[in-house]
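File shown: upload19.pdb. Contents: PDB, C-alpha atoms, pLDDT in the B column.
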```
ATOM      1  CA  GLN A   1     242.833 152.969 210.401  1.00 62.00           C
ATOM      2  CA  GLU A   2     241.703 149.365 210.977  1.00 65.00           C
ATOM      3  CA  THR A   3     239.133 150.452 213.594  1.00 70.00           C
ATOM      4  CA  ASP A   4     237.776 153.104 211.208  1.00 72.00           C
ATOM      5  CA  ASN A   5     237.399 150.509 208.442  1.00 74.00           C
ATOM      6  CA  ARG A   6     235.581 148.114 210.779  1.00 74.00           C
ATOM      7  CA  VAL A   7     233.159 150.873 211.887  1.00 74.00           C
ATOM      8  CA  ILE A   8     232.467 151.832 208.265  1.00 72.00           C
ATOM      9  CA  LEU A   9     231.869 148.185 207.321  1.00 71.00           C
ATOM     10  CA  GLU A  10     229.466 147.712 210.264  1.00 72.00           C
ATOM     11  CA  GLN A  11     227.524 150.849 209.252  1.00 68.00           C
ATOM     12  CA  LEU A  12     227.269 149.620 205.662  1.00 65.00           C
ATOM     13  CA  LEU A  13     225.983 146.215 206.807  1.00 63.00           C
ATOM     14  CA  ILE A  14     223.354 147.859 209.026  1.00 59.00           C
ATOM     15  CA  LYS A  15     222.255 150.128 206.166  1.00 60.00           C
ATOM     16  CA  LYS A  16     222.078 147.156 203.773  1.00 59.00           C
ATOM     17  CA  ALA A  17     219.942 145.139 206.228  1.00 56.00           C
ATOM     18  CA  ALA A  18     217.612 148.120 206.686  1.00 57.00           C
ATOM     19  CA  SER A  19     217.159 148.428 202.917  1.00 74.00           C
ATOM     20  CA  TYR A  20     215.230 145.135 202.691  1.00 76.00           C
ATOM     21  CA  ARG A  21     211.742 144.176 203.806  1.00 82.00           C
ATOM     22  CA  GLU A  22     211.405 140.543 204.849  1.00 85.00           C
ATOM     23  CA  ARG A  23     208.276 138.437 204.743  1.00 87.00           C
ATOM     24  CA  VAL A  24     207.556 134.765 205.316  1.00 89.00           C
ATOM     25  CA  LEU A  25     206.238 133.017 202.213  1.00 90.00           C
ATOM     26  CA  ALA A  26     205.629 129.567 203.666  1.00 91.00           C
ATOM     27  CA  TYR A  27     206.148 127.658 206.893  1.00 91.00           C
ATOM     28  CA  PHE A  28     206.093 123.902 207.431  1.00 91.00           C
ATOM     29  CA  ASP A  29     206.085 122.707 211.048  1.00 91.00           C
ATOM     30  CA  PHE A  30     206.124 118.937 210.331  1.00 88.00           C
ATOM     31  CA  GLU A  31     203.077 118.334 212.480  1.00 85.00           C
ATOM     32  CA  TYR A  32     201.621 114.899 211.799  1.00 68.00           C
ATOM     33  CA  SER A  33     199.247 115.192 208.892  1.00 64.00           C
ATOM     34  CA  GLY A  34     198.017 111.624 208.651  1.00 59.00           C
ATOM     35  CA  HIS A  35     200.006 110.850 205.509  1.00 56.00           C
ATOM     36  CA  ALA A  36     200.458 107.095 205.716  1.00 50.00           C
ATOM     37  CA  PRO A  37     203.779 106.842 203.804  1.00 52.00           C
ATOM     38  CA  ASP A  38     205.463 109.354 206.105  1.00 58.00           C
ATOM     39  CA  SER A  39     203.844 108.360 209.396  1.00 70.00           C
ATOM     40  CA  LEU A  40     206.930 106.442 210.553  1.00 78.00           C
ATOM     41  CA  TYR A  41     209.013 109.606 210.344  1.00 85.00           C
ATOM     42  CA  PHE A  42     206.818 112.010 212.303  1.00 84.00           C
ATOM     43  CA  SER A  43     208.480 111.872 215.695  1.00 87.00           C
ATOM     44  CA  ARG A  44     207.426 112.835 219.219  1.00 86.00           C
ATOM     45  CA  GLU A  45     210.848 111.836 220.559  1.00 89.00           C
ATOM     46  CA  ILE A  46     212.669 115.154 219.958  1.00 91.00           C
ATOM     47  CA  VAL A  47     210.490 118.170 219.178  1.00 92.00           C
ATOM     48  CA  ARG A  48     211.279 121.860 218.775  1.00 94.00           C
ATOM     49  CA  SER A  49     207.727 123.188 218.443  1.00 91.00           C
ATOM     50  CA  GLY A  50     204.286 121.654 218.390  1.00 89.00           C
ATOM     51  CA  SER A  51     203.906 117.917 218.966  1.00 89.00           C
ATOM     52  CA  TYR A  52     206.071 116.456 216.178  1.00 89.00           C
ATOM     53  CA  SER A  53     209.355 116.840 214.359  1.00 92.00           C
ATOM     54  CA  TYR A  54     210.476 114.881 211.311  1.00 93.00           C
ATOM     55  CA  LEU A  55     213.035 112.071 211.626  1.00 93.00           C
ATOM     56  CA  MET A  56     215.573 111.797 208.818  1.00 95.00           C
ATOM     57  CA  ASN A  57     217.475 108.495 208.737  1.00 93.00           C
ATOM     58  CA  GLU A  58     218.951 105.827 206.452  1.00 92.00           C
ATOM     59  CA  ALA A  59     215.487 104.952 205.115  1.00 91.00           C
ATOM     60  CA  ASN A  60     214.471 108.399 203.828  1.00 89.00           C
ATOM     61  CA  GLU A  61     216.663 110.347 201.459  1.00 94.00           C
ATOM     62  CA  PHE A  62     214.347 113.357 200.962  1.00 94.00           C
ATOM     63  CA  SER A  63     212.218 115.227 203.493  1.00 93.00           C
ATOM     64  CA  PRO A  64     208.774 116.565 202.814  1.00 90.00           C
ATOM     65  CA  GLY A  65     209.184 120.199 201.868  1.00 91.00           C
ATOM     66  CA  ILE A  66     207.486 123.298 200.614  1.00 92.00           C
ATOM     67  CA  GLU A  67     206.354 123.724 197.008  1.00 93.00           C
ATOM     68  CA  MET A  68     204.810 126.889 195.635  1.00 91.00           C
ATOM     69  CA  PRO A  69     204.217 128.442 192.211  1.00 91.00           C
ATOM     70  CA  ILE A  70     206.447 131.429 191.472  1.00 87.00           C
ATOM     71  CA  LYS A  71     203.340 133.527 190.727  1.00 86.00           C
ATOM     72  CA  ASP A  72     202.418 133.291 194.432  1.00 86.00           C
ATOM     73  CA  LEU A  73     205.576 135.184 195.419  1.00 82.00           C
ATOM     74  CA  ASN A  74     204.321 138.571 194.127  1.00 76.00           C
ATOM     75  CA  THR A  75     207.862 139.840 194.201  1.00 75.00           C
ATOM     76  CA  THR A  76     209.904 142.781 192.969  1.00 70.00           C
ATOM     77  CA  GLU A  77     213.198 142.937 191.110  1.00 73.00           C
ATOM     78  CA  GLY A  78     216.268 142.410 193.278  1.00 78.00           C
ATOM     79  CA  ALA A  79     214.489 140.115 195.748  1.00 86.00           C
ATOM     80  CA  ARG A  80     216.340 137.410 197.643  1.00 89.00           C
ATOM     81  CA  ILE A  81     214.855 134.096 198.674  1.00 91.00           C
ATOM     82  CA  SER A  82     215.723 132.775 202.122  1.00 91.00           C
ATOM     83  CA  ALA A  83     215.271 129.344 203.647  1.00 94.00           C
ATOM     84  CA  SER A  84     215.794 128.132 207.190  1.00 95.00           C
ATOM     85  CA  ILE A  85     215.420 124.850 209.029  1.00 96.00           C
ATOM     86  CA  PHE A  86     215.924 123.764 212.618  1.00 97.00           C
ATOM     87  CA  HIS A  87     217.844 120.516 213.071  1.00 96.00           C
ATOM     88  CA  HIS A  88     218.835 118.284 215.968  1.00 96.00           C
ATOM     89  CA  PHE A  89     221.883 116.023 215.566  1.00 95.00           C
ATOM     90  CA  ASN A  90     223.338 113.636 218.134  1.00 92.00           C
ATOM     91  CA  SER A  91     226.659 113.480 216.278  1.00 88.00           C
ATOM     92  CA  ALA A  92     228.413 115.141 213.356  1.00 85.00           C
ATOM     93  CA  PRO A  93     227.608 113.858 209.856  1.00 79.00           C
ATOM     94  CA  GLN A  94     230.580 111.792 208.675  1.00 75.00           C
ATOM     95  CA  GLU A  95     230.421 112.061 204.895  1.00 84.00           C
ATOM     96  CA  ASN A  96     227.897 113.653 202.571  1.00 90.00           C
ATOM     97  CA  PRO A  97     226.242 116.043 205.038  1.00 93.00           C
ATOM     98  CA  PRO A  98     222.556 116.756 204.510  1.00 96.00           C
ATOM     99  CA  LEU A  99     221.659 119.583 202.157  1.00 96.00           C
ATOM    100  CA  LEU A 100     219.001 122.271 202.283  1.00 96.00           C
ATOM    101  CA  VAL A 101     217.871 122.428 198.647  1.00 96.00           C
ATOM    102  CA  LEU A 102     216.245 125.273 196.724  1.00 93.00           C
ATOM    103  CA  SER A 103     215.098 124.451 193.205  1.00 92.00           C
ATOM    104  CA  LEU A 104     212.932 125.857 190.444  1.00 91.00           C
ATOM    105  CA  GLN A 105     211.256 123.536 188.004  1.00 90.00           C
ATOM    106  CA  LYS A 106     208.695 123.299 185.252  1.00 88.00           C
ATOM    107  CA  LYS A 107     206.769 120.059 185.643  1.00 82.00           C
ATOM    108  CA  GLU A 108     209.545 117.531 186.438  1.00 83.00           C
ATOM    109  CA  LYS A 109     212.377 119.439 184.715  1.00 89.00           C
ATOM    110  CA  ILE A 110     214.672 121.294 187.148  1.00 89.00           C
ATOM    111  CA  PHE A 111     216.238 124.411 185.635  1.00 87.00           C
ATOM    112  CA  PHE A 112     217.644 126.020 188.807  1.00 89.00           C
ATOM    113  CA  TYR A 113     219.226 124.189 191.716  1.00 92.00           C
ATOM    114  CA  GLN A 114     221.102 125.479 194.777  1.00 93.00           C
ATOM    115  CA  ALA A 115     222.046 123.383 197.801  1.00 95.00           C
ATOM    116  CA  TRP A 116     223.692 124.327 201.086  1.00 95.00           C
ATOM    117  CA  GLU A 117     225.409 121.883 203.427  1.00 94.00           C
ATOM    118  CA  ILE A 118     223.924 121.585 206.880  1.00 94.00           C
ATOM    119  CA  ARG A 119     226.894 121.443 209.239  1.00 91.00           C
ATOM    120  CA  PRO A 120     225.769 121.268 212.873  1.00 93.00           C
ATOM    121  CA  VAL A 121     227.912 122.990 215.478  1.00 91.00           C
ATOM    122  CA  MET A 122     225.900 121.924 218.520  1.00 90.00           C
ATOM    123  CA  PHE A 123     224.752 118.412 219.373  1.00 93.00           C
ATOM    124  CA  HIS A 124     221.825 117.111 221.432  1.00 95.00           C
ATOM    125  CA  GLU A 125     220.002 120.436 220.973  1.00 96.00           C
ATOM    126  CA  TRP A 126     218.117 122.351 218.304  1.00 97.00           C
ATOM    127  CA  GLU A 127     220.111 124.570 215.982  1.00 96.00           C
ATOM    128  CA  GLU A 128     219.008 126.700 213.027  1.00 96.00           C
ATOM    129  CA  SER A 129     220.622 126.782 209.609  1.00 95.00           C
ATOM    130  CA  SER A 130     219.565 129.536 207.232  1.00 93.00           C
ATOM    131  CA  PHE A 131     220.639 130.520 203.751  1.00 94.00           C
ATOM    132  CA  GLU A 132     219.662 133.046 201.126  1.00 91.00           C
ATOM    133  CA  HIS A 133     220.114 133.469 197.410  1.00 90.00           C
ATOM    134  CA  ALA A 134     219.149 136.006 194.768  1.00 88.00           C
ATOM    135  CA  LEU A 135     215.740 135.016 193.434  1.00 82.00           C
ATOM    136  CA  PRO A 136     216.539 133.003 190.308  1.00 80.00           C
ATOM    137  CA  GLU A 137     215.007 133.891 186.963  1.00 79.00           C
ATOM    138  CA  TRP A 138     211.972 131.827 186.133  1.00 79.00           C
ATOM    139  CA  LYS A 139     210.570 130.849 182.769  1.00 79.00           C
ATOM    140  CA  SER A 140     206.853 130.932 183.600  1.00 84.00           C
ATOM    141  CA  PRO A 141     204.715 132.132 186.539  1.00 83.00           C
ATOM    142  CA  ASN A 142     203.620 128.503 186.897  1.00 88.00           C
ATOM    143  CA  ASP A 143     207.166 127.306 187.613  1.00 90.00           C
ATOM    144  CA  ILE A 144     207.436 125.636 191.019  1.00 92.00           C
ATOM    145  CA  LEU A 145     209.790 126.731 193.793  1.00 91.00           C
ATOM    146  CA  LYS A 146     210.767 123.831 196.064  1.00 93.00           C
ATOM    147  CA  VAL A 147     212.650 123.756 199.357  1.00 94.00           C
ATOM    148  CA  TYR A 148     213.455 120.462 201.101  1.00 95.00           C
ATOM    149  CA  ILE A 149     216.210 118.452 202.790  1.00 96.00           C
ATOM    150  CA  TRP A 150     218.279 115.979 200.788  1.00 96.00           C
ATOM    151  CA  ASN A 151     219.699 113.460 203.230  1.00 96.00           C
ATOM    152  CA  LYS A 152     222.443 112.477 200.823  1.00 93.00           C
ATOM    153  CA  GLY A 153     224.517 110.546 203.379  1.00 92.00           C
ATOM    154  CA  ARG A 154     221.464 108.954 204.999  1.00 92.00           C
ATOM    155  CA  GLN A 155     222.337 110.430 208.414  1.00 93.00           C
ATOM    156  CA  GLN A 156     220.007 110.242 211.398  1.00 94.00           C
ATOM    157  CA  PHE A 157     218.747 113.588 212.742  1.00 95.00           C
ATOM    158  CA  HIS A 158     215.489 115.464 213.367  1.00 96.00           C
ATOM    159  CA  ILE A 159     214.213 118.541 211.548  1.00 96.00           C
ATOM    160  CA  ASP A 160     211.480 121.015 212.420  1.00 96.00           C
ATOM    161  CA  ASP A 161     210.102 124.397 211.352  1.00 95.00           C
ATOM    162  CA  LEU A 162     211.099 124.842 207.709  1.00 95.00           C
ATOM    163  CA  THR A 163     210.578 128.433 206.529  1.00 94.00           C
ATOM    164  CA  ILE A 164     210.850 130.138 203.139  1.00 93.00           C
ATOM    165  CA  GLY A 165     211.093 133.912 203.158  1.00 92.00           C
ATOM    166  CA  LEU A 166     211.532 136.745 200.713  1.00 90.00           C
ATOM    167  CA  LYS A 167     213.766 139.779 201.201  1.00 87.00           C
ATOM    168  CA  GLU A 168     212.694 142.601 198.932  1.00 86.00           C
ATOM    169  CA  PRO A 169     214.591 145.851 198.429  1.00 84.00           C
ATOM    170  CA  ILE A 170     212.950 148.934 199.861  1.00 79.00           C
ATOM    171  CA  LYS A 171     212.928 151.645 197.227  1.00 70.00           C
ATOM    172  CA  ASP A 172     212.884 155.289 198.303  1.00 56.00           C
ATOM    173  CA  GLY A 173     211.471 154.306 201.672  1.00 48.00           C
ATOM    174  CA  LEU A 174     208.022 153.781 200.097  1.00 49.00           C
ATOM    175  CA  ASN A 175     207.731 149.998 200.547  1.00 45.00           C
TER     176      ASN A 175
END
```

I need this file expressed as structure tokens, please.
Amino acid sequence: QETDNRVILEQLLIKKAASYRERVLAYFDFEYSGHAPDSLYFSREIVRSGSYSYLMNEANEFSPGIEMPIKDLNTTEGARISASIFHHFNSAPQENPPLLVLSLQKKEKIFFYQAWEIRPVMFHEWEESSFEHALPEWKSPNDILKVYIWNKGRQQFHIDDLTIGLKEPIKDGLN
């Protein structure tokens, strides 16, 4: 009985995964862009891809991130937004682990906010954290979707390769 239930559950999960089409909306590789205020944090010390990663430490609470107007998503009903980041920790965050933040806002007013704790399992190597959420309702096509790291506990670690994706339901196999 238990084996049958596990097989059925696995088949349902495979079918569910196959019923979505995924696409990358935006990718930020943290390559040095010449921005003077952030130049101290673009690091060659520990890099996952390219020539630079981004150093989070006690001096910077928020990472650069990705911002895009909702109208650029060109999405369908039932879509899910996904976000992933690679991180490199030398030790476990003690208190207030860093957060991967997804928000929607109109001008400076945030009307949707979701944050996931980044809890590294491996140390001294790159590890990926990824999360997804139903695409929140927006008020205007000009509302801004933001994804970034909030280094709430001011931990020291490196980040690289931030990605925002969209998972859209496939309807009748036509998408």

Please evaluate the PyMOL selection byres ((chain A and resi 86) around 12) against the displayed coordinates and give the resulting residues as JSON, numbers by chain. {"A": [27, 28, 29, 30, 46, 47, 48, 49, 53, 54, 83, 84, 85, 87, 88, 89, 100, 118, 119, 120, 122, 125, 126, 127, 128, 129, 130, 149, 157, 158, 159, 160, 161, 162, 163]}

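Each of A:Ile170, A:Ala59, A:Leu102, A:Val7 was compared to A:Glu22 using all atoms listed in the file, and A:Ile170 turns out to be the nearest.
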
Residues selected by the PyMOL selection byres ((chain A and resi 137) around 12), written as JSON, numbers by chain: {"A": [70, 75, 76, 77, 78, 79, 80, 81, 103, 104, 105, 111, 112, 113, 133, 134, 135, 136, 138, 139, 140, 141, 143, 144, 145]}

Between atom CA of A:Asn5 and atom CA of A:Pro169, distance in Å (one decimal):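 Answer for the atom CA of A:Asn5 to atom CA of A:Pro169 separation: 25.3 Å.
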
What is the distance between atom CA of A:Tyr41 and atom CA of A:Asn151, in Å to one decimal? 13.4 Å

From the set A:Val101, A:Leu55, A:Ala115, A:Ile66, which residue has the shortest atom-to-atom contact distance to A:Gln156, counting all atoms listed in the file? A:Leu55

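Relative to atom CA of A:Pro98, atom CA of A:Pro64 is found at 13.9 Å.
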
Can you pull out the residues contacting A:Glu95? Cut-off 9 Å, using only C-alpha atoms, and skip same-chain residues under 5 positions away; I want them as a compact mmCIF listing (two decimals) with C-alpha atoms, keeping the file's coordinate frame.
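Full text of part.txt as output:
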```
# COMPACT_ATOMS: atom_id res chain seq x y z
CA LYS A 152 222.44 112.48 200.82
CA GLY A 153 224.52 110.55 203.38
CA GLN A 155 222.34 110.43 208.41
```

Could you spell out the hits of the PyMOL selection byres ((chain A and resi 91) around 8) on the shown file, as a ChimeraX atom specification? /A:89-90,92-93,123-124

Top pick for closest residue to A:Glu67, considering A:Tyr148, A:Tyr20, A:Phe131, A:Tyr52 and counting only C-alpha atoms: A:Tyr148
